[in-house]
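final00.cif follows (mmCIF, C-alpha atoms):
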data_input
loop_
_atom_site.label_atom_id
_atom_site.label_comp_id
_atom_site.auth_asym_id
_atom_site.auth_seq_id
_atom_site.Cartn_x
_atom_site.Cartn_y
_atom_site.Cartn_z
CA ASN F 1 -107.57 119.95 -103.91
CA PRO F 2 -104.06 119.78 -105.40
CA TYR F 3 -105.28 120.74 -108.87
CA SER F 4 -108.33 122.57 -110.15
CA CYS F 5 -108.90 124.18 -113.52
CA TYR F 6 -111.68 126.26 -115.05
CA SER F 7 -112.01 127.43 -118.63
CA ILE F 8 -114.04 129.98 -120.54
CA ASN F 9 -113.64 129.61 -124.28
CA VAL F 10 -115.77 131.58 -126.73
CA TRP F 11 -115.66 130.60 -130.42
CA LEU F 12 -117.58 133.12 -132.49
CA GLY F 13 -119.51 132.69 -135.68
CA PRO F 14 -118.41 134.57 -138.83
CA THR F 15 -120.56 137.66 -138.23
CA LEU F 16 -117.78 139.48 -136.34
CA LEU F 17 -113.99 139.37 -136.73
CA VAL F 18 -113.30 139.82 -133.03
CA PRO F 19 -110.74 137.24 -131.86
CA ASN F 20 -112.00 134.14 -130.06
CA LEU F 21 -111.60 134.31 -126.30
CA LEU F 22 -109.64 131.66 -124.41
CA LEU F 23 -109.25 131.80 -120.64
CA GLN F 24 -108.04 129.06 -118.34
CA MET F 25 -107.41 129.54 -114.65
CA GLY F 26 -106.93 127.35 -111.68
CA HIS F 27 -104.89 126.21 -108.74
CA LYS F 28 -101.94 123.85 -108.53
CA SER F 29 -99.86 122.90 -105.52
CA ASP F 30 -97.58 125.91 -106.14
CA GLY F 31 -100.35 128.54 -106.42
CA TYR F 32 -102.78 129.99 -108.92
CA PHE F 33 -102.21 129.98 -112.67
CA LEU F 34 -103.75 131.82 -115.60
CA THR F 35 -103.62 131.24 -119.35
CA THR F 36 -105.21 133.84 -121.62
CA ASP F 37 -105.33 134.38 -125.35
CA TYR F 38 -107.30 136.00 -128.13
CA ILE F 39 -107.23 133.60 -131.09
CA ALA F 40 -106.85 135.50 -134.36
CA ARG F 41 -109.66 135.12 -136.88
CA GLY F 42 -110.31 136.01 -140.46
CA PRO F 43 -109.67 134.52 -143.86
CA TYR F 44 -105.88 135.05 -143.61
CA PRO F 45 -103.20 134.02 -141.09
CA ILE F 46 -102.24 136.57 -138.44
CA GLY F 47 -99.82 139.19 -139.68
CA ASN F 48 -101.44 139.84 -143.05
CA ASP F 49 -103.82 142.54 -141.83
CA PHE F 50 -102.06 145.34 -139.93
CA ASN F 51 -105.34 147.00 -138.92
CA TYR F 52 -106.40 143.74 -137.25
CA LEU F 53 -103.04 143.47 -135.47
CA ASP F 54 -103.22 147.06 -134.24
CA SER F 55 -106.82 146.66 -133.06
CA TYR F 56 -106.39 143.47 -131.05
CA TYR F 57 -102.72 142.65 -130.49
CA SER F 58 -100.35 145.60 -130.53
CA ASN F 59 -102.27 148.28 -128.71
CA LYS F 60 -101.00 149.85 -125.47
CA HIS F 61 -103.74 148.26 -123.37
CA ILE F 62 -102.73 144.71 -124.35
CA GLU F 63 -99.02 145.39 -124.00
CA SER F 64 -99.43 146.83 -120.50
CA TYR F 65 -101.58 143.84 -119.47
CA TYR F 66 -98.86 141.43 -120.54
CA ASP F 67 -96.06 143.41 -118.92
CA GLU F 68 -97.92 143.97 -115.64
CA ILE F 69 -98.55 140.26 -115.05
CA PHE F 70 -94.90 139.30 -115.38
CA ARG F 71 -93.65 142.19 -113.21
CA LEU F 72 -95.45 140.74 -110.19
CA ASP F 73 -93.30 139.11 -107.50
CA GLY F 74 -93.24 135.34 -107.72
CA VAL F 75 -95.01 135.14 -111.08
CA LYS F 76 -93.33 132.98 -113.67
CA HIS F 77 -93.88 132.04 -117.30
CA LEU F 78 -95.34 128.56 -117.56
CA PRO F 79 -93.76 126.22 -120.11
CA PRO F 80 -95.40 125.97 -123.52
CA SER F 81 -97.85 123.19 -124.15
CA PRO F 82 -96.32 119.97 -125.43
CA SER F 83 -99.19 119.83 -127.93
CA PHE F 84 -98.29 121.11 -131.39
CA ALA F 85 -101.98 121.89 -132.02
CA ALA F 86 -102.13 124.09 -128.91
CA ARG F 87 -99.02 126.04 -129.90
CA LEU F 88 -100.26 126.43 -133.48
CA ILE F 89 -103.37 128.42 -132.54
CA GLN F 90 -101.69 130.70 -130.01
CA SER F 91 -101.48 134.40 -130.74
CA PRO F 92 -98.46 136.64 -130.13
CA ILE F 93 -100.06 137.79 -126.86
CA HIS F 94 -100.66 134.35 -125.38
CA VAL F 95 -100.07 134.56 -121.62
CA SER F 96 -99.45 131.56 -119.40
CA ALA F 97 -98.42 132.55 -115.88
CA GLY F 98 -98.07 130.70 -112.61
CA GLY F 99 -97.46 131.82 -109.05
CA LEU F 100 -100.32 134.34 -108.98
CA SER F 101 -102.19 135.35 -105.85
CA LEU F 102 -105.95 134.86 -105.84
CA SER F 103 -106.54 138.62 -106.12
CA ASP F 104 -104.16 138.88 -109.10
CA LEU F 105 -105.87 135.90 -110.74
CA GLN F 106 -109.24 137.60 -110.32
CA LYS F 107 -107.92 140.94 -111.57
CA PHE F 108 -106.24 139.65 -114.73
CA SER F 109 -108.92 137.13 -115.69
CA SER F 110 -111.59 139.83 -115.30
CA LEU F 111 -109.51 142.30 -117.31
CA HIS F 112 -109.07 139.74 -120.09
CA VAL F 113 -112.83 139.12 -120.34
CA HIS F 114 -113.78 142.81 -120.03
CA THR F 115 -111.32 143.76 -122.79
CA TRP F 116 -112.84 141.13 -125.05
CA LEU F 117 -116.37 142.31 -124.24
CA GLN F 118 -115.33 145.84 -125.23
CA TYR F 119 -113.99 144.44 -128.52
CA MET F 120 -117.40 142.82 -129.06
CA LYS F 121 -119.21 146.06 -128.27
CA ASP F 122 -117.05 148.08 -130.69
CA ALA F 123 -117.09 145.52 -133.52
CA THR F 124 -118.84 146.09 -136.83
CA PRO F 125 -120.47 143.18 -138.66
CA VAL F 126 -118.57 141.48 -141.44
CA GLU F 127 -120.02 141.71 -144.93
CA ALA F 128 -122.09 138.63 -145.72
CA ARG F 129 -119.97 137.71 -148.76
CA GLN F 130 -116.83 137.37 -146.56
CA ARG F 131 -118.36 135.13 -143.89
CA GLY F 132 -117.83 131.82 -145.67
CA ALA F 133 -114.05 132.31 -145.83
CA ILE F 134 -113.97 133.34 -142.18
CA ASN F 135 -116.01 130.28 -141.18
CA THR F 136 -113.68 127.97 -143.13
CA ARG F 137 -110.57 129.21 -141.30
CA ASP F 138 -112.38 129.25 -137.94
CA ASP F 139 -113.34 125.62 -138.44
CA LYS F 140 -109.66 124.71 -138.93
CA LEU F 141 -108.70 126.63 -135.78
CA ARG F 142 -111.42 124.85 -133.82
CA GLN F 143 -110.11 121.49 -135.09
CA PHE F 144 -106.65 122.31 -133.74
CA ALA F 145 -108.19 123.51 -130.47
CA TYR F 146 -110.06 120.20 -130.19
CA ARG F 147 -106.85 118.21 -130.77
CA ALA F 148 -105.01 120.30 -128.18
CA THR F 149 -107.78 119.85 -125.62
CA VAL F 150 -107.96 116.08 -126.14
CA SER F 151 -104.17 115.91 -125.75
CA GLU F 152 -104.36 117.95 -122.54
CA TYR F 153 -107.08 115.72 -121.08
CA ASN F 154 -105.19 112.57 -122.07
CA SER F 155 -102.11 113.87 -120.26
CA LEU F 156 -104.08 114.98 -117.20
CA PHE F 157 -106.03 111.75 -116.84
CA SER F 158 -103.07 109.47 -117.66
CA SER F 159 -101.08 111.03 -114.82
CA ALA F 160 -104.01 110.10 -112.55
CA GLY F 161 -104.00 106.51 -113.85
CA ILE F 162 -107.09 106.94 -116.06
CA LYS F 163 -106.76 105.94 -119.72
CA ASN F 164 -109.91 106.50 -121.72
CA GLN F 165 -109.46 108.09 -125.15
CA GLU F 166 -113.19 108.21 -125.89
CA TYR F 167 -113.87 110.09 -122.64
CA CYS F 168 -111.12 112.60 -123.47
CA GLN F 169 -112.57 113.08 -126.96
CA ARG F 170 -116.02 113.80 -125.53
CA LEU F 171 -114.58 116.31 -123.08
CA GLY F 172 -112.60 117.91 -125.93
CA ALA F 173 -115.74 118.23 -128.05
CA ALA F 174 -117.66 119.75 -125.14
CA SER F 175 -114.87 122.24 -124.50
CA THR F 176 -114.31 123.42 -128.09
CA GLY F 177 -117.78 123.15 -129.56
CA PRO F 178 -118.76 121.66 -132.89
CA ILE F 179 -115.87 120.88 -135.22
CA SER F 180 -117.80 121.49 -138.39
CA GLU F 181 -120.48 124.12 -138.29
CA PRO F 182 -122.00 124.65 -141.73
CA TYR F 183 -122.43 128.27 -142.69
CA VAL F 184 -125.33 128.96 -145.00
CA GLY F 185 -125.41 132.74 -144.86
CA GLY F 186 -127.31 135.23 -142.79
CA GLY F 187 -126.57 135.93 -139.14
CA SER F 188 -124.84 133.67 -136.71
#
Can the structure in the file be given as structure tokens, please?
Amino acid sequence: NPYSCYSINVWLGPTLLVPNLLLQMGHKSDGYFLTTDYIARGPYPIGNDFNYLDSYYSNKHIESYYDEIFRLDGVKHLPPSPSFAARLIQSPIHVSAGGLSLSDLQKFSSLHVHTWLQYMKDATPVEARQRGAINTRDDKLRQFAYRATVSEYNSLFSSAGIKNQEYCQRLGAASTGPISEPYVGGGS
């Protein structure tokens, strides 16, 4: 197969402020590729809460992960997405690397998921009164993720001679989850 791609995307409810997990990996004609990110959450844009930044984006573990990938022989930065919506939701630690070996792909994708699972384990629940604001911003992020995914599928299928906007929209909805999830309080 000249191209294969697999994704694991986890969009959380407003109970925890842990970043959303995005992971895409696959194989192209020039080797394996990996795209990872932790999408910032909360009622404010990234950069307003230094504790949040220190917890999830500027710690030594994350910085060494990023540096180690791009020190590998043959690994290269992949170009940014042509989709504005995709670039808009990316965090400062977005990684998109090509030229990986299968063992490096397995190592870094597992490390990305295990780090996120540790964040989940260590997280404390958000106060109920703050959850509505978190859900409102998360819904906007998910809308941009949907637009980016539809754009990616349109590009992928158009290059294969398939033009079906409705099909791409359905795939985008399946990939990003519900665009508007009402929050009425309680747990999620």
What are the closest atom pairs, with distances in Å to one decimal, for each residue of segment 19-128 of chain F lying within 7 Å of segment 133-154 of chain F, using only C-alpha atoms, rows by chain and rising residue number, as JSON lines?
{"residue": "F:Arg41", "atom": "CA", "partner": "F:Asp138", "partner_atom": "CA", "distance": 6.6}
{"residue": "F:Gly42", "atom": "CA", "partner": "F:Ile134", "partner_atom": "CA", "distance": 4.8}
{"residue": "F:Pro43", "atom": "CA", "partner": "F:Ile134", "partner_atom": "CA", "distance": 4.8}
{"residue": "F:Ser83", "atom": "CA", "partner": "F:Ala148", "partner_atom": "CA", "distance": 5.8}
{"residue": "F:Ala85", "atom": "CA", "partner": "F:Phe144", "partner_atom": "CA", "distance": 5.0}
{"residue": "F:Ala86", "atom": "CA", "partner": "F:Ala148", "partner_atom": "CA", "distance": 4.8}
{"residue": "F:Ile89", "atom": "CA", "partner": "F:Leu141", "partner_atom": "CA", "distance": 6.5}
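In this model, the gap between atom CA of Pro79 of chain F and atom CA of His61 of chain F comes to 24.4 Å.
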Restricting the calculation to only C-alpha atoms: of F:Leu16, F:Ile69, F:Ile8, F:Met25, which residue gets closest to Ser175 of chain F? F:Ile8
Can you find the residues with an atom no farther than 6 Å from (-100.3, 128.4, -125.5), counting only C-alpha atoms, and report them as a ChimeraX atom specification? /F:80-81,86-87,90,94
Nearest residue to Asp37 of chain F from the set F:Ser4, F:Ser55, F:Ser96, F:Ser155 (distances using all atoms listed in the file): F:Ser96
For each of F:Asn164, F:Phe84, F:Tyr38, F:Leu17, take the minimum atom-to-atom distance to Asn51 of chain F, counting all atoms listed in the file, then give the residue where this is smallest. F:Leu17
Can you tell me which residues surround segment 102-106 of chain F at a distance of at most 9 Å, considering all atoms listed in the file, apart from same-chain residues fewer than 4 positions away, and format the answer as a list of chain:residue names?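 Listed by chain and then number, they are F:Met25, F:Gly26, F:Gly31, F:Tyr32, F:Phe33, F:Leu34, F:Ile69, F:Leu72, F:Ser110, F:Leu111.
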Could you check how far atom CA of Leu21 of chain F sits from atom CA of Ala40 of chain F, in Å to one decimal? 9.4 Å
From the set F:Phe70, F:Ile162, F:Ile39, F:Thr176, which residue has the shortest atom-to-atom contact distance to Leu88 of chain F, counting all atoms listed in the file? F:Ile39
